[in-house]
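What follows is the content of coords.pdb (PDB, C-alpha atoms).
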ATOM      1  CA  MET A 243      28.276  18.379 107.657  1.00  0.00           C
ATOM      2  CA  ALA A 244      31.248  20.695 107.299  1.00  0.00           C
ATOM      3  CA  PRO A 245      33.422  21.201 110.408  1.00  0.00           C
ATOM      4  CA  GLY A 246      32.520  24.420 112.171  1.00  0.00           C
ATOM      5  CA  GLN A 247      29.112  24.659 110.475  1.00  0.00           C
ATOM      6  CA  TYR A 248      26.262  23.527 112.749  1.00  0.00           C
ATOM      7  CA  SER A 249      28.643  21.183 114.524  1.00  0.00           C
ATOM      8  CA  ALA A 250      30.639  21.099 117.742  1.00  0.00           C
ATOM      9  CA  ASN A 251      33.938  20.623 115.908  1.00  0.00           C
ATOM     10  CA  PRO A 252      35.917  23.778 115.075  1.00  0.00           C
ATOM     11  CA  VAL A 253      37.360  24.509 111.656  1.00  0.00           C
ATOM     12  CA  GLU A 254      40.799  22.898 111.621  1.00  0.00           C
ATOM     13  CA  HIS A 255      43.643  24.564 109.737  1.00  0.00           C
ATOM     14  CA  THR A 256      47.254  23.523 109.352  1.00  0.00           C
ATOM     15  CA  LEU A 257      49.151  25.381 112.062  1.00  0.00           C
ATOM     16  CA  GLN A 258      52.665  24.466 111.005  1.00  0.00           C
ATOM     17  CA  PRO A 259      54.399  22.513 108.231  1.00  0.00           C
ATOM     18  CA  ILE A 260      55.319  18.905 109.026  1.00  0.00           C
ATOM     19  CA  VAL A 261      57.186  17.354 106.062  1.00  0.00           C
ATOM     20  CA  THR A 262      59.338  20.086 104.574  1.00  0.00           C
ATOM     21  CA  GLY A 263      61.987  20.750 101.948  1.00  0.00           C
ATOM     22  CA  ALA A 264      64.854  23.201 102.278  1.00  0.00           C
ATOM     23  CA  THR A 265      66.477  25.688  99.904  1.00  0.00           C
ATOM     24  CA  VAL A 266      65.617  26.156  96.225  1.00  0.00           C
ATOM     25  CA  ILE A 267      68.010  28.142  94.015  1.00  0.00           C
ATOM     26  CA  GLY A 268      66.804  29.842  90.839  1.00  0.00           C
ATOM     27  CA  MET A 269      68.784  31.906  88.348  1.00  0.00           C
ATOM     28  CA  LYS A 270      68.764  33.075  84.763  1.00  0.00           C
ATOM     29  CA  TYR A 271      71.605  32.231  82.402  1.00  0.00           C
ATOM     30  CA  ALA A 272      72.418  33.092  78.803  1.00  0.00           C
ATOM     31  CA  GLY A 273      69.619  31.494  76.812  1.00  0.00           C
ATOM     32  CA  GLY A 274      67.387  30.222  79.609  1.00  0.00           C
ATOM     33  CA  VAL A 275      66.650  29.859  83.275  1.00  0.00           C
ATOM     34  CA  MET A 276      67.284  27.106  85.834  1.00  0.00           C
ATOM     35  CA  ILE A 277      66.303  25.732  89.252  1.00  0.00           C
ATOM     36  CA  ALA A 278      68.433  23.683  91.640  1.00  0.00           C
ATOM     37  CA  CYS A 279      67.455  22.032  94.929  1.00  0.00           C
ATOM     38  CA  ASP A 280      68.211  18.960  97.002  1.00  0.00           C
ATOM     39  CA  THR A 281      66.050  15.837  97.170  1.00  0.00           C
ATOM     40  CA  MET A 282      65.476  15.758 100.934  1.00  0.00           C
ATOM     41  CA  CYS A 283      62.177  16.212 102.751  1.00  0.00           C
ATOM     42  CA  CYS A 284      62.401  16.242 106.531  1.00  0.00           C
ATOM     43  CA  TYR A 285      59.820  15.034 109.030  1.00  0.00           C
ATOM     44  CA  GLY A 286      60.407  17.728 111.614  1.00  0.00           C
ATOM     45  CA  ASN A 287      64.194  17.688 111.970  1.00  0.00           C
ATOM     46  CA  SER A 288      64.441  14.034 110.945  1.00  0.00           C
ATOM     47  CA  LYS A 289      65.825  13.461 107.446  1.00  0.00           C
ATOM     48  CA  LYS A 290      63.197  10.887 106.555  1.00  0.00           C
ATOM     49  CA  TYR A 291      62.566  11.156 102.789  1.00  0.00           C
ATOM     50  CA  PRO A 292      65.869  11.507 100.883  1.00  0.00           C
ATOM     51  CA  ASN A 293      64.602  10.901  97.333  1.00  0.00           C
ATOM     52  CA  ILE A 294      61.823  13.430  96.785  1.00  0.00           C
ATOM     53  CA  CYS A 295      61.741  15.544  93.631  1.00  0.00           C
ATOM     54  CA  ARG A 296      60.802  19.074  94.673  1.00  0.00           C
ATOM     55  CA  MET A 297      60.399  20.299  91.095  1.00  0.00           C
ATOM     56  CA  LYS A 298      57.441  20.020  88.769  1.00  0.00           C
ATOM     57  CA  LYS A 299      57.013  20.761  85.081  1.00  0.00           C
ATOM     58  CA  VAL A 300      54.105  23.170  84.620  1.00  0.00           C
ATOM     59  CA  GLY A 301      52.558  23.387  81.163  1.00  0.00           C
ATOM     60  CA  GLN A 302      54.936  23.351  78.209  1.00  0.00           C
ATOM     61  CA  TYR A 303      57.355  26.095  79.178  1.00  0.00           C
ATOM     62  CA  ALA A 304      57.492  26.480  82.974  1.00  0.00           C
ATOM     63  CA  LEU A 305      59.100  24.759  85.948  1.00  0.00           C
ATOM     64  CA  LEU A 306      58.102  25.024  89.598  1.00  0.00           C
ATOM     65  CA  GLY A 307      60.443  24.466  92.550  1.00  0.00           C
ATOM     66  CA  ALA A 308      59.176  24.316  96.122  1.00  0.00           C
ATOM     67  CA  SER A 309      60.508  24.593  99.621  1.00  0.00           C
ATOM     68  CA  GLY A 310      58.274  24.161 102.657  1.00  0.00           C
ATOM     69  CA  GLU A 311      55.414  21.728 103.202  1.00  0.00           C
ATOM     70  CA  LEU A 312      55.472  18.812 100.749  1.00  0.00           C
ATOM     71  CA  SER A 313      51.731  18.078 100.850  1.00  0.00           C
ATOM     72  CA  ASP A 314      50.906  21.708 100.032  1.00  0.00           C
ATOM     73  CA  PHE A 315      53.283  21.498  97.061  1.00  0.00           C
ATOM     74  CA  GLN A 316      51.468  18.358  95.887  1.00  0.00           C
ATOM     75  CA  TYR A 317      48.106  20.115  96.349  1.00  0.00           C
ATOM     76  CA  ILE A 318      48.999  23.118  94.212  1.00  0.00           C
ATOM     77  CA  GLY A 319      50.630  20.767  91.703  1.00  0.00           C
ATOM     78  CA  LYS A 320      47.252  19.087  91.166  1.00  0.00           C
ATOM     79  CA  MET A 321      45.622  22.494  90.725  1.00  0.00           C
ATOM     80  CA  LEU A 322      48.195  23.385  88.074  1.00  0.00           C
ATOM     81  CA  ASP A 323      47.599  20.073  86.274  1.00  0.00           C
ATOM     82  CA  GLU A 324      43.879  20.858  86.134  1.00  0.00           C
ATOM     83  CA  LEU A 325      44.648  24.346  84.816  1.00  0.00           C
ATOM     84  CA  ASP A 326      46.935  22.852  82.166  1.00  0.00           C
ATOM     85  CA  ASN A 327      44.200  20.393  81.115  1.00  0.00           C
ATOM     86  CA  ASP A 328      41.680  23.229  80.802  1.00  0.00           C
ATOM     87  CA  ASP A 329      44.179  25.168  78.686  1.00  0.00           C
ATOM     88  CA  PHE A 330      44.664  22.126  76.417  1.00  0.00           C
ATOM     89  CA  LEU A 331      40.909  21.614  75.990  1.00  0.00           C
ATOM     90  CA  GLU A 332      40.533  25.139  74.619  1.00  0.00           C
ATOM     91  CA  GLU A 333      42.221  23.837  71.425  1.00  0.00           C
ATOM     92  CA  ASP A 334      43.157  27.356  70.362  1.00  0.00           C
ATOM     93  CA  GLY A 335      46.770  26.585  69.482  1.00  0.00           C
ATOM     94  CA  HIS A 336      48.162  28.591  72.394  1.00  0.00           C
ATOM     95  CA  SER A 337      49.716  27.549  75.691  1.00  0.00           C
ATOM     96  CA  MET A 338      49.917  29.498  78.926  1.00  0.00           C
ATOM     97  CA  SER A 339      53.168  31.328  79.502  1.00  0.00           C
ATOM     98  CA  PRO A 340      55.346  31.059  82.631  1.00  0.00           C
ATOM     99  CA  GLN A 341      54.216  34.555  83.649  1.00  0.00           C
ATOM    100  CA  GLU A 342      50.583  33.407  83.628  1.00  0.00           C
ATOM    101  CA  TYR A 343      51.332  30.363  85.762  1.00  0.00           C
ATOM    102  CA  SER A 344      53.324  32.493  88.183  1.00  0.00           C
ATOM    103  CA  SER A 345      50.460  34.983  88.483  1.00  0.00           C
ATOM    104  CA  TYR A 346      47.991  32.154  89.087  1.00  0.00           C
ATOM    105  CA  ILE A 347      50.148  30.655  91.849  1.00  0.00           C
ATOM    106  CA  GLY A 348      50.497  34.071  93.488  1.00  0.00           C
ATOM    107  CA  ARG A 349      46.714  34.591  93.505  1.00  0.00           C
ATOM    108  CA  VAL A 350      46.115  31.110  94.957  1.00  0.00           C
ATOM    109  CA  MET A 351      48.636  31.727  97.732  1.00  0.00           C
ATOM    110  CA  TYR A 352      47.166  35.125  98.585  1.00  0.00           C
ATOM    111  CA  ASN A 353      43.637  33.698  98.571  1.00  0.00           C
ATOM    112  CA  ARG A 354      44.611  30.936 101.003  1.00  0.00           C
ATOM    113  CA  ARG A 355      46.465  33.413 103.201  1.00  0.00           C
ATOM    114  CA  SER A 356      43.363  35.633 103.313  1.00  0.00           C
ATOM    115  CA  LYS A 357      41.364  32.654 104.606  1.00  0.00           C
ATOM    116  CA  PHE A 358      43.923  32.174 107.418  1.00  0.00           C
ATOM    117  CA  ASN A 359      44.704  28.753 105.952  1.00  0.00           C
ATOM    118  CA  PRO A 360      47.890  29.316 103.936  1.00  0.00           C
ATOM    119  CA  LEU A 361      49.860  26.853 101.886  1.00  0.00           C
ATOM    120  CA  TYR A 362      53.176  26.701 103.735  1.00  0.00           C
ATOM    121  CA  ASN A 363      55.525  27.030 100.771  1.00  0.00           C
ATOM    122  CA  GLN A 364      57.991  29.314  99.084  1.00  0.00           C
ATOM    123  CA  PHE A 365      57.954  28.763  95.331  1.00  0.00           C
ATOM    124  CA  VAL A 366      60.403  29.563  92.564  1.00  0.00           C
ATOM    125  CA  VAL A 367      58.643  29.688  89.179  1.00  0.00           C
ATOM    126  CA  VAL A 368      60.859  29.772  86.096  1.00  0.00           C
ATOM    127  CA  GLY A 369      60.250  29.433  82.400  1.00  0.00           C
ATOM    128  CA  LYS A 370      60.951  30.586  78.883  1.00  0.00           C
ATOM    129  CA  LYS A 371      58.370  30.510  76.121  1.00  0.00           C
ATOM    130  CA  GLU A 372      59.944  30.143  72.689  1.00  0.00           C
ATOM    131  CA  ASP A 373      61.818  33.354  71.820  1.00  0.00           C
ATOM    132  CA  GLN A 374      60.510  35.377  74.769  1.00  0.00           C
ATOM    133  CA  ALA A 375      62.783  36.538  77.589  1.00  0.00           C
ATOM    134  CA  PRO A 376      63.341  34.054  80.431  1.00  0.00           C
ATOM    135  CA  MET A 377      61.200  34.568  83.515  1.00  0.00           C
ATOM    136  CA  LEU A 378      62.010  33.867  87.156  1.00  0.00           C
ATOM    137  CA  SER A 379      59.648  34.730  89.996  1.00  0.00           C
ATOM    138  CA  PHE A 380      59.348  34.123  93.728  1.00  0.00           C
ATOM    139  CA  VAL A 381      56.040  33.435  95.501  1.00  0.00           C
ATOM    140  CA  ASP A 382      55.655  32.808  99.223  1.00  0.00           C
ATOM    141  CA  HIS A 383      52.901  31.582 101.558  1.00  0.00           C
ATOM    142  CA  GLN A 384      51.474  35.100 101.964  1.00  0.00           C
ATOM    143  CA  GLY A 385      51.110  35.689  98.245  1.00  0.00           C
ATOM    144  CA  THR A 386      54.133  37.981  98.034  1.00  0.00           C
ATOM    145  CA  ALA A 387      55.370  37.711  94.451  1.00  0.00           C
ATOM    146  CA  PHE A 388      58.107  39.400  92.459  1.00  0.00           C
ATOM    147  CA  GLN A 389      60.435  38.720  89.546  1.00  0.00           C
ATOM    148  CA  GLU A 390      64.221  38.619  89.791  1.00  0.00           C
ATOM    149  CA  ASP A 391      67.352  37.503  87.958  1.00  0.00           C
ATOM    150  CA  PHE A 392      68.254  35.087  90.775  1.00  0.00           C
ATOM    151  CA  ILE A 393      66.635  33.997  94.015  1.00  0.00           C
ATOM    152  CA  ALA A 394      66.959  31.551  96.893  1.00  0.00           C
ATOM    153  CA  THR A 395      64.283  30.308  99.279  1.00  0.00           C
ATOM    154  CA  GLY A 396      64.373  29.075 102.852  1.00  0.00           C
ATOM    155  CA  PHE A 397      67.697  29.228 104.677  1.00  0.00           C
ATOM    156  CA  GLY A 398      69.283  29.948 101.314  1.00  0.00           C
ATOM    157  CA  MET A 399      67.998  33.516 101.615  1.00  0.00           C
ATOM    158  CA  HIS A 400      70.721  34.020 104.227  1.00  0.00           C
ATOM    159  CA  LEU A 401      73.394  31.590 102.993  1.00  0.00           C
ATOM    160  CA  ALA A 402      73.120  31.532  99.201  1.00  0.00           C
ATOM    161  CA  MET A 403      71.956  35.041  98.285  1.00  0.00           C
ATOM    162  CA  PRO A 404      75.288  36.726  99.223  1.00  0.00           C
ATOM    163  CA  ILE A 405      77.093  34.297  96.885  1.00  0.00           C
ATOM    164  CA  LEU A 406      74.604  34.904  94.082  1.00  0.00           C
ATOM    165  CA  ARG A 407      74.855  38.693  94.475  1.00  0.00           C
ATOM    166  CA  SER A 408      78.628  38.449  94.261  1.00  0.00           C
ATOM    167  CA  GLU A 409      79.065  35.946  91.416  1.00  0.00           C
ATOM    168  CA  TRP A 410      75.953  35.962  89.210  1.00  0.00           C
ATOM    169  CA  LYS A 411      76.233  37.602  85.786  1.00  0.00           C
ATOM    170  CA  ALA A 412      73.653  37.971  83.047  1.00  0.00           C
ATOM    171  CA  ASP A 413      75.904  36.261  80.494  1.00  0.00           C
ATOM    172  CA  LEU A 414      76.537  33.106  82.543  1.00  0.00           C
ATOM    173  CA  SER A 415      76.676  29.949  80.475  1.00  0.00           C
ATOM    174  CA  LEU A 416      74.583  26.965  81.527  1.00  0.00           C
ATOM    175  CA  GLU A 417      77.648  25.122  82.867  1.00  0.00           C
ATOM    176  CA  ASP A 418      78.785  28.144  84.895  1.00  0.00           C
ATOM    177  CA  ALA A 419      75.257  28.586  86.249  1.00  0.00           C
ATOM    178  CA  LYS A 420      75.207  24.941  87.341  1.00  0.00           C
ATOM    179  CA  LYS A 421      78.582  25.348  89.092  1.00  0.00           C
ATOM    180  CA  LEU A 422      77.293  28.435  90.911  1.00  0.00           C
ATOM    181  CA  ALA A 423      74.131  26.620  91.999  1.00  0.00           C
ATOM    182  CA  VAL A 424      76.189  23.677  93.283  1.00  0.00           C
ATOM    183  CA  LYS A 425      78.412  26.077  95.237  1.00  0.00           C
ATOM    184  CA  CYS A 426      75.354  27.658  96.878  1.00  0.00           C
ATOM    185  CA  LEU A 427      73.859  24.288  97.787  1.00  0.00           C
ATOM    186  CA  GLN A 428      77.195  23.105  99.185  1.00  0.00           C
ATOM    187  CA  VAL A 429      77.199  26.028 101.616  1.00  0.00           C
ATOM    188  CA  CYS A 430      73.589  25.252 102.553  1.00  0.00           C
ATOM    189  CA  PHE A 431      74.505  21.597 103.132  1.00  0.00           C
ATOM    190  CA  TYR A 432      77.270  22.606 105.536  1.00  0.00           C
ATOM    191  CA  ARG A 433      75.163  25.088 107.496  1.00  0.00           C
ATOM    192  CA  ASP A 434      71.513  23.999 107.243  1.00  0.00           C
ATOM    193  CA  CYS A 435      70.622  20.897 109.264  1.00  0.00           C
ATOM    194  CA  ARG A 436      67.774  20.071 106.860  1.00  0.00           C
ATOM    195  CA  ALA A 437      69.813  20.297 103.653  1.00  0.00           C
ATOM    196  CA  TYR A 438      71.172  17.284 101.782  1.00  0.00           C
ATOM    197  CA  ASN A 439      74.086  16.561  99.462  1.00  0.00           C
ATOM    198  CA  LYS A 440      72.044  14.973  96.641  1.00  0.00           C
ATOM    199  CA  ILE A 441      70.625  17.596  94.304  1.00  0.00           C
ATOM    200  CA  GLN A 442      68.687  18.039  91.062  1.00  0.00           C
ATOM    201  CA  ILE A 443      68.918  20.751  88.433  1.00  0.00           C
ATOM    202  CA  GLY A 444      66.079  21.731  86.109  1.00  0.00           C
ATOM    203  CA  THR A 445      66.367  23.977  83.055  1.00  0.00           C
ATOM    204  CA  CYS A 446      64.067  25.842  80.654  1.00  0.00           C
ATOM    205  CA  ASP A 447      65.537  27.030  77.348  1.00  0.00           C
ATOM    206  CA  GLY A 448      62.458  28.031  75.347  1.00  0.00           C
ATOM    207  CA  THR A 449      62.058  24.749  73.512  1.00  0.00           C
ATOM    208  CA  SER A 450      62.116  22.208  76.329  1.00  0.00           C
ATOM    209  CA  VAL A 451      61.812  21.815  80.078  1.00  0.00           C
ATOM    210  CA  ASN A 452      64.208  19.308  81.639  1.00  0.00           C
ATOM    211  CA  ILE A 453      64.572  17.982  85.179  1.00  0.00           C
ATOM    212  CA  GLY A 454      67.942  16.301  85.548  1.00  0.00           C
ATOM    213  CA  GLU A 455      68.736  13.128  87.437  1.00  0.00           C
ATOM    214  CA  PRO A 456      69.843  13.537  91.075  1.00  0.00           C
ATOM    215  CA  PHE A 457      73.578  13.574  91.735  1.00  0.00           C
ATOM    216  CA  ALA A 458      75.751  13.882  94.831  1.00  0.00           C
ATOM    217  CA  ILE A 459      77.814  17.027  95.429  1.00  0.00           C
ATOM    218  CA  ASP A 460      81.271  16.975  96.982  1.00  0.00           C
ATOM    219  CA  HIS A 461      81.689  17.823 100.647  1.00  0.00           C
ATOM    220  CA  PHE A 462      84.542  17.867 103.143  1.00  0.00           C
ATOM    221  CA  TRP A 463      84.191  17.826 106.934  1.00  0.00           C
ATOM    222  CA  GLY A 464      87.872  17.819 107.909  1.00  0.00           C
ATOM    223  CA  HIS A 465      88.237  21.593 108.259  1.00  0.00           C
ATOM    224  CA  LYS A 466      90.065  22.627 111.418  1.00  0.00           C
ATOM    225  CA  ASP A 467      87.160  24.768 112.636  1.00  0.00           C
ATOM    226  CA  PHE A 468      84.787  21.829 112.175  1.00  0.00           C
ATOM    227  CA  ILE A 469      86.758  19.351 114.308  1.00  0.00           C
ATOM    228  CA  GLU A 470      88.343  21.618 116.921  1.00  0.00           C
ATOM    229  CA  LYS A 471      87.212  20.782 120.460  1.00  0.00           C
ATOM    230  CA  ARG A 472      86.156  24.054 122.030  1.00  0.00           C
ATOM    231  CA  HIS A 473      83.856  22.955 124.843  1.00  0.00           C
ATOM    232  CA  GLN A 474      85.412  19.809 126.203  1.00  0.00           C
ATOM    233  CA  ILE A 475      83.936  18.481 129.457  1.00  0.00           C
ATOM    234  CA  VAL A 476      86.515  17.933 132.188  1.00  0.00           C
ATOM    235  CA  ASP A 477      85.891  14.921 134.462  1.00  0.00           C
ATOM    236  CA  THR A 478      85.923  16.534 137.893  1.00  0.00           C
ATOM    237  CA  ALA A 479      83.659  15.824 140.811  1.00  0.00           C
ATOM    238  CA  VAL A 480      81.316  18.518 142.030  1.00  0.00           C
ATOM    239  CA  SER A 481      82.916  18.307 145.455  1.00  0.00           C
ATOM    240  CA  ASP A 482      86.259  19.398 143.961  1.00  0.00           C
ATOM    241  CA  THR A 483      84.805  22.827 143.318  1.00  0.00           C
ATOM    242  CA  TRP A 484      83.563  23.374 146.895  1.00  0.00           C
TER     243      TRP A 484
END

Would you give me this structure, written as structure tokens?
Amino acid sequence: MAPGQYSANPVEHTLQPIVTGATVIGMKYAGGVMIACDTMCCYGNSKKYPNICRMKKVGQYALLGASGELSDFQYIGKMLDELDNDDFLEEDGHSMSPQEYSSYIGRVMYNRRSKFNPLYNQFVVVGKKEDQAPMLSFVDHQGTAFQEDFIATGFGMHLAMPILRSEWKADLSLEDAKKLAVKCLQVCFYRDCRAYNKIQIGTCDGTSVNIGEPFAIDHFWGHKDFIEKRHQIVDTAVSDTW
């Protein structure tokens, strides 16, 4: 018997995300498109799972990056695998494009939002099919979807987007795009308590989809403003102030 249907138990929906990932950076570069994110998933504010890949290859030409609830990302990943299998079984010699996968994800997210049971994620969907133009789109838990040249999710909307607006160019090489993504994630690591210094970079160039091995980014905590004591407690008795 389904909960809420002829039973005393109410329908139970997820009210807030539990195990979450932080910022995902996406940007186009000359000849392709890329995603970068860290490998941390937090249990609340506890950095509990430091080696989680928050990217997934979708079909032959697309790559999905997720911030937000990990289990919801895994759920939609299984849906995309089923969609990819159905596409393969058609045996028509064609594969779904990144735009089609992005549209599908947007409709799923809007459908779940309309049922008041959303998937608590912000997705970056990127891809490039053969000689077509690279595609980068953003989809959130309400089904809001749009395409851009660069995007950041989570706290990166506030910390990384100003850097991307200032330094991104359409003719960026892959190496320059990687350096820019690392710079954005460094800032997020300094300022976002749920960010991490081990990151992964995934690329789509029209012929292949690659998810790179995790690597550690440089960081420095000896800045004067970081170590200056501004609110030092003075050991005085309460009676001294009477």

Determine, for each residue of segment 343-406 of chain A having at least one atom at most 12 Å from an atom of segment 302-324 of chain A, the closest pair of atoms and their separation in Å to one decimal, counting all atoms listed in the file; order by chain and ascending number, as a tab-separated table.
residue	atom	partner	partner_atom	distance
A:Tyr343	CA	A:Ala304	CA	7.8
A:Ser344	CA	A:Leu306	CA	9.0
A:Ser345	CA	A:Leu322	CA	11.8
A:Tyr346	CA	A:Leu322	CA	8.8
A:Ile347	CA	A:Ile318	CA	8.0
A:Gly348	CA	A:Ile318	CA	11.1
A:Arg349	CA	A:Ile318	CA	11.7
A:Val350	CA	A:Ile318	CA	8.5
A:Met351	CA	A:Ile318	CA	9.3
A:Arg354	CA	A:Asp314	CA	11.2
A:Asn359	CA	A:Asp314	CA	11.1
A:Pro360	CA	A:Asp314	CA	9.1
A:Leu361	CA	A:Asp314	CA	5.6
A:Tyr362	CA	A:Glu311	CA	5.5
A:Asn363	CA	A:Gly310	CA	4.4
A:Gln364	CA	A:Ser309	CA	5.4
A:Phe365	CA	A:Ala308	CA	4.7
A:Val366	CA	A:Gly307	CA	5.1
A:Val367	CA	A:Leu306	CA	4.7
A:Val368	CA	A:Leu305	CA	5.3
A:Gly369	CA	A:Ala304	CA	4.1
A:Lys370	CA	A:Tyr303	CA	5.8
A:Lys371	CA	A:Tyr303	CA	5.5
A:Glu372	CA	A:Tyr303	CA	8.1
A:Asp373	CA	A:Tyr303	CA	11.3
A:Gln374	CA	A:Tyr303	CA	10.7
A:Ala375	CA	A:Tyr303	CA	11.9
A:Pro376	CA	A:Ala304	CA	9.9
A:Met377	CA	A:Ala304	CA	8.9
A:Leu378	CA	A:Ala304	CA	9.6
A:Ser379	CA	A:Leu306	CA	9.8
A:Phe380	CA	A:Gly307	CA	9.8
A:Val381	CA	A:Ala308	CA	9.7
A:Asp382	CA	A:Ser309	CA	9.5
A:His383	CA	A:Gly310	CA	9.2
A:Ile393	CA	A:Gly307	CA	11.5
A:Ala394	CA	A:Ser309	CA	9.9
A:Thr395	CA	A:Ser309	CA	6.9
A:Gly396	CA	A:Ser309	CA	6.7
A:Phe397	CA	A:Ser309	CA	9.9
A:Gly398	CA	A:Ser309	CA	10.4
A:Met399	CA	A:Ser309	CA	11.8

### Message
When you count all atoms listed in the file, which of these residues is closest to Ser356 of chain A: A:Gly335, A:Pro340, A:Gly385, A:Gly268?
### Response
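Closest to Ser356 of chain A, using all atoms listed in the file: A:Gly385.
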
### Task
For segment 450-459 of chain A, please output as a VMD selection string all residues within 10 Å (counting all atoms listed in the file; exclusion window: fewer than 3 positions along the same chain).
chain A and resid 275 to 281 293 to 295 297 to 305 369 to 372 424 to 425 427 to 428 431 438 to 447

Kindly write segment 433-454 of chain A with N, CA and C atoms to a file, as an mmCIF file, in the first residue's frame.
data_model
loop_
_atom_site.group_PDB
_atom_site.id
_atom_site.type_symbol
_atom_site.label_atom_id
_atom_site.label_comp_id
_atom_site.auth_asym_id
_atom_site.auth_seq_id
_atom_site.Cartn_x
_atom_site.Cartn_y
_atom_site.Cartn_z
ATOM 1 N N ARG A 433 36.933 30.318 0.531
ATOM 2 C CA ARG A 433 35.773 31.026 1.066
ATOM 3 C C ARG A 433 34.543 30.161 1.329
ATOM 4 N N ASP A 434 34.495 28.966 0.798
ATOM 5 C CA ASP A 434 33.335 28.089 0.984
ATOM 6 C C ASP A 434 33.735 26.950 1.915
ATOM 7 N N CYS A 435 33.052 26.828 3.052
ATOM 8 C CA CYS A 435 33.446 25.828 4.047
ATOM 9 C C CYS A 435 33.221 24.403 3.561
ATOM 10 N N ARG A 436 32.463 24.211 2.489
ATOM 11 C CA ARG A 436 32.197 22.868 1.985
ATOM 12 C C ARG A 436 33.024 22.523 0.745
ATOM 13 N N ALA A 437 33.894 23.427 0.336
ATOM 14 C CA ALA A 437 34.750 23.169 -0.824
ATOM 15 C C ALA A 437 35.988 22.390 -0.391
ATOM 16 N N TYR A 438 36.716 21.879 -1.377
ATOM 17 C CA TYR A 438 37.859 21.007 -1.112
ATOM 18 C C TYR A 438 38.951 21.340 -2.112
ATOM 19 N N ASN A 439 40.194 20.972 -1.778
ATOM 20 C CA ASN A 439 41.315 21.333 -2.643
ATOM 21 C C ASN A 439 41.704 20.240 -3.627
ATOM 22 N N LYS A 440 40.976 19.137 -3.675
ATOM 23 C CA LYS A 440 41.220 18.099 -4.687
ATOM 24 C C LYS A 440 40.117 18.171 -5.728
ATOM 25 N N ILE A 441 40.506 18.358 -6.996
ATOM 26 C CA ILE A 441 39.514 18.616 -8.031
ATOM 27 C C ILE A 441 39.687 17.659 -9.209
ATOM 28 N N GLN A 442 38.650 17.622 -10.050
ATOM 29 C CA GLN A 442 38.675 16.878 -11.308
ATOM 30 C C GLN A 442 38.243 17.786 -12.437
ATOM 31 N N ILE A 443 38.754 17.523 -13.620
ATOM 32 C CA ILE A 443 38.384 18.284 -14.809
ATOM 33 C C ILE A 443 37.941 17.305 -15.889
ATOM 34 N N GLY A 444 36.786 17.568 -16.473
ATOM 35 C CA GLY A 444 36.270 16.750 -17.565
ATOM 36 C C GLY A 444 36.140 17.577 -18.824
ATOM 37 N N THR A 445 36.406 16.975 -19.975
ATOM 38 C CA THR A 445 36.374 17.694 -21.247
ATOM 39 C C THR A 445 35.576 16.926 -22.296
ATOM 40 N N CYS A 446 34.983 17.677 -23.223
ATOM 41 C CA CYS A 446 34.313 17.118 -24.402
ATOM 42 C C CYS A 446 34.831 17.881 -25.614
ATOM 43 N N ASP A 447 35.388 17.153 -26.592
ATOM 44 C CA ASP A 447 35.970 17.819 -27.759
ATOM 45 C C ASP A 447 35.347 17.390 -29.084
ATOM 46 N N GLY A 448 34.224 16.696 -29.027
ATOM 47 C CA GLY A 448 33.549 16.270 -30.254
ATOM 48 C C GLY A 448 33.839 14.845 -30.651
ATOM 49 N N THR A 449 34.970 14.325 -30.239
ATOM 50 C CA THR A 449 35.315 12.939 -30.547
ATOM 51 C C THR A 449 35.368 12.058 -29.308
ATOM 52 N N SER A 450 35.599 12.661 -28.153
ATOM 53 C CA SER A 450 35.709 11.883 -26.924
ATOM 54 C C SER A 450 35.231 12.702 -25.733
ATOM 55 N N VAL A 451 34.873 11.976 -24.682
ATOM 56 C CA VAL A 451 34.511 12.579 -23.406
ATOM 57 C C VAL A 451 35.468 12.015 -22.361
ATOM 58 N N ASN A 452 36.191 12.885 -21.678
ATOM 59 C CA ASN A 452 37.206 12.450 -20.726
ATOM 60 C C ASN A 452 36.969 13.071 -19.356
ATOM 61 N N ILE A 453 37.082 12.251 -18.316
ATOM 62 C CA ILE A 453 37.064 12.729 -16.941
ATOM 63 C C ILE A 453 38.451 12.466 -16.363
ATOM 64 N N GLY A 454 39.168 13.534 -16.055
ATOM 65 C CA GLY A 454 40.539 13.404 -15.602
ATOM 66 C C GLY A 454 40.646 12.875 -14.184
#
